[in-house]
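Participant: One structure coming up, written as structure tokens, with questions to follow.
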Amino acid sequence: MIEVYVSMIYTTYMDNNEKFNNQLRKGFFELAILMMLAKKPMYGYELTKGLKESEVFSIADGAIYPILKRLTANGFVDTYTEEHDGRSRKYYKIKGEGKKLIKEIKGDLEFLYNFFVKFEGDE
Amino acid sequence: MKVQTISEYLMLLEGLLQKLPKGDRELQIAEVKDHLLQSLLDDQKSEGEIISNFLSPEELSNRILSEYNELYGSDSTSLPHTKQRKSKLKIALIIIIVLLVIWVLLFWGLFTFNKQEGNNGGVVIIEEIIEE
């Protein structure tokens, strides 16, 4: 349910105010990444591939790294490296603060959804 | 110049990220390198095709640098690593100054003590030894 609603809000605002859209887009990407990391630790390429599976969150190759930097710097995810085929691979792992943020955003979205649904019959 | 190979891409990106501290820059480059090499393995495409699907070095460096600016301010010297290094230097400098002051005070104390006692200290002893 929430995924459908996120997709609706996202597409509705995509064509409007550019700055607002950028912030909104960043926020939704952060949420999507955190939700993926809540399942298991992942690396940049793996996350990009996962996001590309959804049309709404399709992201250009490489664009995920600045977002991951922000999530790390803000204390929502942690990183560690592992050797893979002779090169080091950086993994991202969700922290308690990240899980808390998912809960908060989900709560906000549910509140918004319920708020709009309340007035649906009045149209 | 159009970038054709992964190594060209990484070299260009590294040059564009010069403002970042060395450690951060190396980590960013290593991460992008891992991404490009994994794409090469999984997608069965040429290096040129992989790179053309990736953000251009200019675009990616712009996004990374603006993210750093948003997080730490526009001055690259205010990045956390640089800040830590600066505060460590400050502490080291304070310790050196304190040690220097103690050293000077000790010598001054010894000198005045010897003067009061009419003792000429080690200098006389050495002179005496030489005379002998």
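Residue numbers start at 1 in each chain; chains themselves are named A, B, ... in the order of the structure tokens; ligands are numbered from 1 in the order shown.
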Skip segment 23-40 of chain B itself and residues of its chain fewer than 6 positions away, then list as a PDB file with C-alpha atoms, in the first residue's frame all residues within 7 Å of it, counting only C-alpha atoms.
Facilitator:
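Ended up saving to selection15.pdb:
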```
ATOM      1  CA  GLY A  44      26.743   0.297  -4.377  1.00  0.00           C
ATOM      2  CA  TYR A  45      26.381  -1.707  -7.592  1.00  0.00           C
ATOM      3  CA  ARG A  89      34.344  -3.828  -1.898  1.00  0.00           C
ATOM      4  CA  LYS A  90      32.545  -1.355   0.340  1.00  0.00           C
TER       5      LYS A  90
ATOM      6  CA  LEU B  10      38.946   6.747 -13.042  1.00  0.00           C
ATOM      7  CA  GLU B  14      40.402  11.371  -9.500  1.00  0.00           C
ATOM      8  CA  LEU B  17      37.978  15.140  -6.933  1.00  0.00           C
ATOM      9  CA  GLU B  47      34.139  -0.727 -21.452  1.00  0.00           C
ATOM     10  CA  ILE B  50      29.610   0.605 -19.544  1.00  0.00           C
TER      11      ILE B  50
END
```
Participant: Write out as a PDB file with all heavy atoms, in the first residue's frame every residue belonging to chain A that has an atom at most 10 Å from any atom of chain B, counting only C-alpha atoms.
Facilitator:
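Here's the written file iface02.pdb:
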```
ATOM      1  N   TYR A  43      26.283  -3.554  -1.411  1.00  0.00           N
ATOM      2  CA  TYR A  43      27.268  -2.607  -1.944  1.00  0.00           C
ATOM      3  C   TYR A  43      26.636  -1.772  -3.047  1.00  0.00           C
ATOM      4  O   TYR A  43      25.526  -2.085  -3.507  1.00  0.00           O
ATOM      5  CB  TYR A  43      28.530  -3.333  -2.418  1.00  0.00           C
ATOM      6  CG  TYR A  43      28.338  -4.427  -3.433  1.00  0.00           C
ATOM      7  CD1 TYR A  43      28.551  -4.190  -4.786  1.00  0.00           C
ATOM      8  CD2 TYR A  43      27.954  -5.706  -3.039  1.00  0.00           C
ATOM      9  CE1 TYR A  43      28.386  -5.187  -5.729  1.00  0.00           C
ATOM     10  CE2 TYR A  43      27.776  -6.716  -3.985  1.00  0.00           C
ATOM     11  CZ  TYR A  43      28.002  -6.447  -5.327  1.00  0.00           C
ATOM     12  OH  TYR A  43      27.822  -7.436  -6.261  1.00  0.00           O
ATOM     13  N   GLY A  44      27.323  -0.694  -3.468  1.00  0.00           N
ATOM     14  CA  GLY A  44      26.743   0.297  -4.377  1.00  0.00           C
ATOM     15  C   GLY A  44      26.133  -0.263  -5.651  1.00  0.00           C
ATOM     16  O   GLY A  44      24.995   0.069  -6.003  1.00  0.00           O
ATOM     17  N   TYR A  45      26.864  -1.142  -6.329  1.00  0.00           N
ATOM     18  CA  TYR A  45      26.381  -1.707  -7.592  1.00  0.00           C
ATOM     19  C   TYR A  45      25.097  -2.521  -7.363  1.00  0.00           C
ATOM     20  O   TYR A  45      24.139  -2.416  -8.114  1.00  0.00           O
ATOM     21  CB  TYR A  45      27.482  -2.587  -8.191  1.00  0.00           C
ATOM     22  CG  TYR A  45      27.056  -3.382  -9.403  1.00  0.00           C
ATOM     23  CD1 TYR A  45      26.990  -2.784 -10.657  1.00  0.00           C
ATOM     24  CD2 TYR A  45      26.729  -4.728  -9.290  1.00  0.00           C
ATOM     25  CE1 TYR A  45      26.598  -3.515 -11.769  1.00  0.00           C
ATOM     26  CE2 TYR A  45      26.342  -5.459 -10.389  1.00  0.00           C
ATOM     27  CZ  TYR A  45      26.276  -4.859 -11.631  1.00  0.00           C
ATOM     28  OH  TYR A  45      25.885  -5.581 -12.724  1.00  0.00           O
ATOM     29  N   GLU A  46      25.122  -3.291  -6.277  1.00  0.00           N
ATOM     30  CA  GLU A  46      23.979  -4.150  -5.929  1.00  0.00           C
ATOM     31  C   GLU A  46      22.734  -3.296  -5.626  1.00  0.00           C
ATOM     32  O   GLU A  46      21.630  -3.608  -6.067  1.00  0.00           O
ATOM     33  CB  GLU A  46      24.393  -4.945  -4.682  1.00  0.00           C
ATOM     34  CG  GLU A  46      23.600  -6.181  -4.408  1.00  0.00           C
ATOM     35  CD  GLU A  46      24.114  -6.891  -3.140  1.00  0.00           C
ATOM     36  OE1 GLU A  46      24.951  -6.323  -2.393  1.00  0.00           O
ATOM     37  OE2 GLU A  46      23.658  -8.015  -2.908  1.00  0.00           O
ATOM     38  N   THR A  48      22.169  -0.212  -6.734  1.00  0.00           N
ATOM     39  CA  THR A  48      21.729   0.430  -7.990  1.00  0.00           C
ATOM     40  C   THR A  48      20.878  -0.542  -8.790  1.00  0.00           C
ATOM     41  O   THR A  48      19.825  -0.191  -9.323  1.00  0.00           O
ATOM     42  CB  THR A  48      22.959   0.861  -8.825  1.00  0.00           C
ATOM     43  OG1 THR A  48      23.789   1.687  -8.019  1.00  0.00           O
ATOM     44  CG2 THR A  48      22.556   1.613 -10.074  1.00  0.00           C
ATOM     45  N   LYS A  49      21.352  -1.794  -8.862  1.00  0.00           N
ATOM     46  CA  LYS A  49      20.628  -2.827  -9.615  1.00  0.00           C
ATOM     47  C   LYS A  49      19.234  -3.054  -9.017  1.00  0.00           C
ATOM     48  O   LYS A  49      18.243  -3.164  -9.730  1.00  0.00           O
ATOM     49  CB  LYS A  49      21.426  -4.128  -9.580  1.00  0.00           C
ATOM     50  CG  LYS A  49      21.709  -4.685 -10.963  1.00  0.00           C
ATOM     51  CD  LYS A  49      22.514  -5.931 -10.890  1.00  0.00           C
ATOM     52  CE  LYS A  49      22.213  -6.752 -12.106  1.00  0.00           C
ATOM     53  NZ  LYS A  49      22.867  -8.050 -12.059  1.00  0.00           N
ATOM     54  N   ALA A  60      20.540   6.546 -12.329  1.00  0.00           N
ATOM     55  CA  ALA A  60      21.686   6.455 -13.250  1.00  0.00           C
ATOM     56  C   ALA A  60      22.866   5.801 -12.539  1.00  0.00           C
ATOM     57  O   ALA A  60      23.049   5.988 -11.334  1.00  0.00           O
ATOM     58  CB  ALA A  60      22.074   7.863 -13.703  1.00  0.00           C
ATOM     59  N   ASP A  61      23.654   5.032 -13.281  1.00  0.00           N
ATOM     60  CA  ASP A  61      24.822   4.391 -12.682  1.00  0.00           C
ATOM     61  C   ASP A  61      25.757   5.457 -12.103  1.00  0.00           C
ATOM     62  O   ASP A  61      26.118   6.412 -12.788  1.00  0.00           O
ATOM     63  CB  ASP A  61      25.574   3.558 -13.721  1.00  0.00           C
ATOM     64  CG  ASP A  61      24.921   2.209 -13.940  1.00  0.00           C
ATOM     65  OD1 ASP A  61      24.417   1.644 -12.955  1.00  0.00           O
ATOM     66  OD2 ASP A  61      24.890   1.729 -15.090  1.00  0.00           O
ATOM     67  N   GLY A  62      26.135   5.265 -10.869  1.00  0.00           N
ATOM     68  CA  GLY A  62      27.058   6.204 -10.213  1.00  0.00           C
ATOM     69  C   GLY A  62      26.348   7.212  -9.325  1.00  0.00           C
ATOM     70  O   GLY A  62      26.938   7.735  -8.384  1.00  0.00           O
ATOM     71  N   ALA A  63      25.061   7.468  -9.634  1.00  0.00           N
ATOM     72  CA  ALA A  63      24.334   8.517  -8.900  1.00  0.00           C
ATOM     73  C   ALA A  63      24.056   8.134  -7.452  1.00  0.00           C
ATOM     74  O   ALA A  63      23.744   8.999  -6.629  1.00  0.00           O
ATOM     75  CB  ALA A  63      23.022   8.835  -9.610  1.00  0.00           C
ATOM     76  N   ILE A  64      24.197   6.865  -7.161  1.00  0.00           N
ATOM     77  CA  ILE A  64      23.887   6.418  -5.790  1.00  0.00           C
ATOM     78  C   ILE A  64      24.957   6.837  -4.780  1.00  0.00           C
ATOM     79  O   ILE A  64      24.685   7.007  -3.596  1.00  0.00           O
ATOM     80  CB  ILE A  64      23.693   4.884  -5.764  1.00  0.00           C
ATOM     81  CG1 ILE A  64      22.949   4.480  -4.493  1.00  0.00           C
ATOM     82  CG2 ILE A  64      25.010   4.134  -5.882  1.00  0.00           C
ATOM     83  CD1 ILE A  64      22.371   3.101  -4.527  1.00  0.00           C
ATOM     84  N   TYR A  65      26.180   7.056  -5.242  1.00  0.00           N
ATOM     85  CA  TYR A  65      27.288   7.289  -4.297  1.00  0.00           C
ATOM     86  C   TYR A  65      27.167   8.568  -3.465  1.00  0.00           C
ATOM     87  O   TYR A  65      27.449   8.538  -2.265  1.00  0.00           O
ATOM     88  CB  TYR A  65      28.640   7.152  -5.019  1.00  0.00           C
ATOM     89  CG  TYR A  65      28.789   5.727  -5.515  1.00  0.00           C
ATOM     90  CD1 TYR A  65      28.716   5.412  -6.870  1.00  0.00           C
ATOM     91  CD2 TYR A  65      28.904   4.685  -4.607  1.00  0.00           C
ATOM     92  CE1 TYR A  65      28.773   4.093  -7.310  1.00  0.00           C
ATOM     93  CE2 TYR A  65      28.948   3.360  -5.034  1.00  0.00           C
ATOM     94  CZ  TYR A  65      28.889   3.077  -6.379  1.00  0.00           C
ATOM     95  OH  TYR A  65      28.921   1.764  -6.790  1.00  0.00           O
ATOM     96  N   PRO A  66      26.764   9.687  -4.061  1.00  0.00           N
ATOM     97  CA  PRO A  66      26.558  10.875  -3.206  1.00  0.00           C
ATOM     98  C   PRO A  66      25.453  10.649  -2.166  1.00  0.00           C
ATOM     99  O   PRO A  66      25.556  11.136  -1.042  1.00  0.00           O
ATOM    100  CB  PRO A  66      26.159  11.967  -4.198  1.00  0.00           C
ATOM    101  CG  PRO A  66      26.682  11.503  -5.516  1.00  0.00           C
ATOM    102  CD  PRO A  66      26.596  10.018  -5.489  1.00  0.00           C
ATOM    103  N   ILE A  67      24.417   9.879  -2.541  1.00  0.00           N
ATOM    104  CA  ILE A  67      23.315   9.613  -1.589  1.00  0.00           C
ATOM    105  C   ILE A  67      23.830   8.732  -0.441  1.00  0.00           C
ATOM    106  O   ILE A  67      23.533   8.968   0.731  1.00  0.00           O
ATOM    107  CB  ILE A  67      22.122   8.912  -2.301  1.00  0.00           C
ATOM    108  CG1 ILE A  67      21.627   9.755  -3.479  1.00  0.00           C
ATOM    109  CG2 ILE A  67      20.999   8.639  -1.316  1.00  0.00           C
ATOM    110  CD1 ILE A  67      20.587   9.065  -4.362  1.00  0.00           C
ATOM    111  N   LYS A  69      26.836   8.568   0.577  1.00  0.00           N
ATOM    112  CA  LYS A  69      27.745   9.400   1.389  1.00  0.00           C
ATOM    113  C   LYS A  69      26.934  10.152   2.450  1.00  0.00           C
ATOM    114  O   LYS A  69      27.319  10.235   3.613  1.00  0.00           O
ATOM    115  CB  LYS A  69      28.508  10.380   0.473  1.00  0.00           C
ATOM    116  CG  LYS A  69      29.305  11.432   1.181  1.00  0.00           C
ATOM    117  CD  LYS A  69      30.484  10.843   1.919  1.00  0.00           C
ATOM    118  CE  LYS A  69      30.988  11.781   2.994  1.00  0.00           C
ATOM    119  NZ  LYS A  69      31.931  11.169   3.901  1.00  0.00           N
ATOM    120  N   ARG A  70      25.784  10.715   1.990  1.00  0.00           N
ATOM    121  CA  ARG A  70      24.949  11.493   2.911  1.00  0.00           C
ATOM    122  C   ARG A  70      24.382  10.607   4.024  1.00  0.00           C
ATOM    123  O   ARG A  70      24.401  10.973   5.201  1.00  0.00           O
ATOM    124  CB  ARG A  70      23.821  12.187   2.140  1.00  0.00           C
ATOM    125  CG  ARG A  70      22.998  13.121   3.013  1.00  0.00           C
ATOM    126  CD  ARG A  70      22.067  14.010   2.241  1.00  0.00           C
ATOM    127  NE  ARG A  70      21.160  13.277   1.384  1.00  0.00           N
ATOM    128  CZ  ARG A  70      21.190  13.291   0.062  1.00  0.00           C
ATOM    129  NH1 ARG A  70      22.084  14.018  -0.560  1.00  0.00           N
ATOM    130  NH2 ARG A  70      20.325  12.603  -0.651  1.00  0.00           N
ATOM    131  N   ALA A  73      27.236   9.843   6.414  1.00  0.00           N
ATOM    132  CA  ALA A  73      27.641  11.012   7.206  1.00  0.00           C
ATOM    133  C   ALA A  73      26.588  11.379   8.251  1.00  0.00           C
ATOM    134  O   ALA A  73      26.932  11.870   9.318  1.00  0.00           O
ATOM    135  CB  ALA A  73      27.898  12.201   6.287  1.00  0.00           C
ATOM    136  N   ASN A  74      25.308  11.127   7.918  1.00  0.00           N
ATOM    137  CA  ASN A  74      24.252  11.466   8.870  1.00  0.00           C
ATOM    138  C   ASN A  74      23.993  10.364   9.897  1.00  0.00           C
ATOM    139  O   ASN A  74      23.078  10.471  10.720  1.00  0.00           O
ATOM    140  CB  ASN A  74      22.958  11.807   8.121  1.00  0.00           C
ATOM    141  CG  ASN A  74      23.065  13.147   7.411  1.00  0.00           C
ATOM    142  OD1 ASN A  74      23.804  14.035   7.845  1.00  0.00           O
ATOM    143  ND2 ASN A  74      22.351  13.298   6.310  1.00  0.00           N
ATOM    144  N   HIS A  84      37.082  -8.744  -2.658  1.00  0.00           N
ATOM    145  CA  HIS A  84      36.291  -9.486  -3.638  1.00  0.00           C
ATOM    146  C   HIS A  84      37.050  -9.480  -4.958  1.00  0.00           C
ATOM    147  O   HIS A  84      37.290  -8.409  -5.527  1.00  0.00           O
ATOM    148  CB  HIS A  84      34.905  -8.842  -3.793  1.00  0.00           C
ATOM    149  CG  HIS A  84      34.045  -9.535  -4.802  1.00  0.00           C
ATOM    150  ND1 HIS A  84      33.271 -10.633  -4.472  1.00  0.00           N
ATOM    151  CD2 HIS A  84      33.869  -9.323  -6.125  1.00  0.00           C
ATOM    152  CE1 HIS A  84      32.642 -11.047  -5.574  1.00  0.00           C
ATOM    153  NE2 HIS A  84      32.992 -10.260  -6.581  1.00  0.00           N
ATOM    154  N   ASP A  85      37.419 -10.667  -5.448  1.00  0.00           N
ATOM    155  CA  ASP A  85      38.194 -10.782  -6.697  1.00  0.00           C
ATOM    156  C   ASP A  85      39.427  -9.871  -6.701  1.00  0.00           C
ATOM    157  O   ASP A  85      39.699  -9.190  -7.699  1.00  0.00           O
ATOM    158  CB  ASP A  85      37.311 -10.455  -7.913  1.00  0.00           C
ATOM    159  CG  ASP A  85      36.354 -11.593  -8.222  1.00  0.00           C
ATOM    160  OD1 ASP A  85      36.556 -12.703  -7.673  1.00  0.00           O
ATOM    161  OD2 ASP A  85      35.408 -11.368  -9.004  1.00  0.00           O
ATOM    162  N   ARG A  87      39.932  -7.064  -5.227  1.00  0.00           N
ATOM    163  CA  ARG A  87      39.708  -5.624  -5.002  1.00  0.00           C
ATOM    164  C   ARG A  87      38.812  -5.449  -3.771  1.00  0.00           C
ATOM    165  O   ARG A  87      38.073  -6.375  -3.406  1.00  0.00           O
ATOM    166  CB  ARG A  87      39.097  -4.957  -6.240  1.00  0.00           C
ATOM    167  CG  ARG A  87      37.771  -5.529  -6.674  1.00  0.00           C
ATOM    168  CD  ARG A  87      37.249  -4.822  -7.915  1.00  0.00           C
ATOM    169  NE  ARG A  87      35.889  -5.204  -8.228  1.00  0.00           N
ATOM    170  CZ  ARG A  87      35.550  -6.205  -9.023  1.00  0.00           C
ATOM    171  NH1 ARG A  87      36.473  -6.953  -9.589  1.00  0.00           N
ATOM    172  NH2 ARG A  87      34.270  -6.480  -9.264  1.00  0.00           N
ATOM    173  N   SER A  88      38.925  -4.248  -3.170  1.00  0.00           N
ATOM    174  CA  SER A  88      38.130  -4.070  -1.954  1.00  0.00           C
ATOM    175  C   SER A  88      36.716  -3.612  -2.323  1.00  0.00           C
ATOM    176  O   SER A  88      36.536  -2.802  -3.238  1.00  0.00           O
ATOM    177  CB  SER A  88      38.803  -3.079  -1.018  1.00  0.00           C
ATOM    178  OG  SER A  88      38.528  -1.778  -1.409  1.00  0.00           O
ATOM    179  N   ARG A  89      35.753  -4.179  -1.631  1.00  0.00           N
ATOM    180  CA  ARG A  89      34.344  -3.828  -1.898  1.00  0.00           C
ATOM    181  C   ARG A  89      33.743  -3.226  -0.638  1.00  0.00           C
ATOM    182  O   ARG A  89      33.863  -3.791   0.445  1.00  0.00           O
ATOM    183  CB  ARG A  89      33.581  -5.089  -2.313  1.00  0.00           C
ATOM    184  CG  ARG A  89      32.101  -4.879  -2.488  1.00  0.00           C
ATOM    185  CD  ARG A  89      31.481  -5.991  -3.289  1.00  0.00           C
ATOM    186  NE  ARG A  89      31.794  -5.860  -4.709  1.00  0.00           N
ATOM    187  CZ  ARG A  89      31.553  -6.800  -5.619  1.00  0.00           C
ATOM    188  NH1 ARG A  89      31.009  -7.940  -5.265  1.00  0.00           N
ATOM    189  NH2 ARG A  89      31.852  -6.592  -6.884  1.00  0.00           N
ATOM    190  N   LYS A  90      33.120  -2.064  -0.813  1.00  0.00           N
ATOM    191  CA  LYS A  90      32.545  -1.355   0.340  1.00  0.00           C
ATOM    192  C   LYS A  90      31.070  -1.739   0.508  1.00  0.00           C
ATOM    193  O   LYS A  90      30.272  -1.545  -0.416  1.00  0.00           O
ATOM    194  CB  LYS A  90      32.669   0.149   0.089  1.00  0.00           C
ATOM    195  CG  LYS A  90      32.369   1.015   1.275  1.00  0.00           C
ATOM    196  CD  LYS A  90      32.696   2.451   0.894  1.00  0.00           C
ATOM    197  CE  LYS A  90      32.344   3.442   1.933  1.00  0.00           C
ATOM    198  NZ  LYS A  90      32.607   4.811   1.456  1.00  0.00           N
ATOM    199  N   TYR A  91      30.740  -2.268   1.667  1.00  0.00           N
ATOM    200  CA  TYR A  91      29.357  -2.646   1.977  1.00  0.00           C
ATOM    201  C   TYR A  91      28.711  -1.608   2.891  1.00  0.00           C
ATOM    202  O   TYR A  91      29.386  -1.017   3.728  1.00  0.00           O
ATOM    203  CB  TYR A  91      29.317  -4.006   2.663  1.00  0.00           C
ATOM    204  CG  TYR A  91      29.492  -5.170   1.713  1.00  0.00           C
ATOM    205  CD1 TYR A  91      30.754  -5.632   1.376  1.00  0.00           C
ATOM    206  CD2 TYR A  91      28.382  -5.806   1.149  1.00  0.00           C
ATOM    207  CE1 TYR A  91      30.921  -6.697   0.500  1.00  0.00           C
ATOM    208  CE2 TYR A  91      28.538  -6.871   0.285  1.00  0.00           C
ATOM    209  CZ  TYR A  91      29.810  -7.310  -0.037  1.00  0.00           C
ATOM    210  OH  TYR A  91      29.965  -8.359  -0.905  1.00  0.00           O
TER     211      TYR A  91
END
```
Participant: Quick one: pull the distance between atom CA of Lys90 of chain B and atom CA of Gly109 of chain B, Å, one decimal.
Facilitator: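 Going from atom CA of Lys90 of chain B over to atom CA of Gly109 of chain B, I get 28.5 Å.
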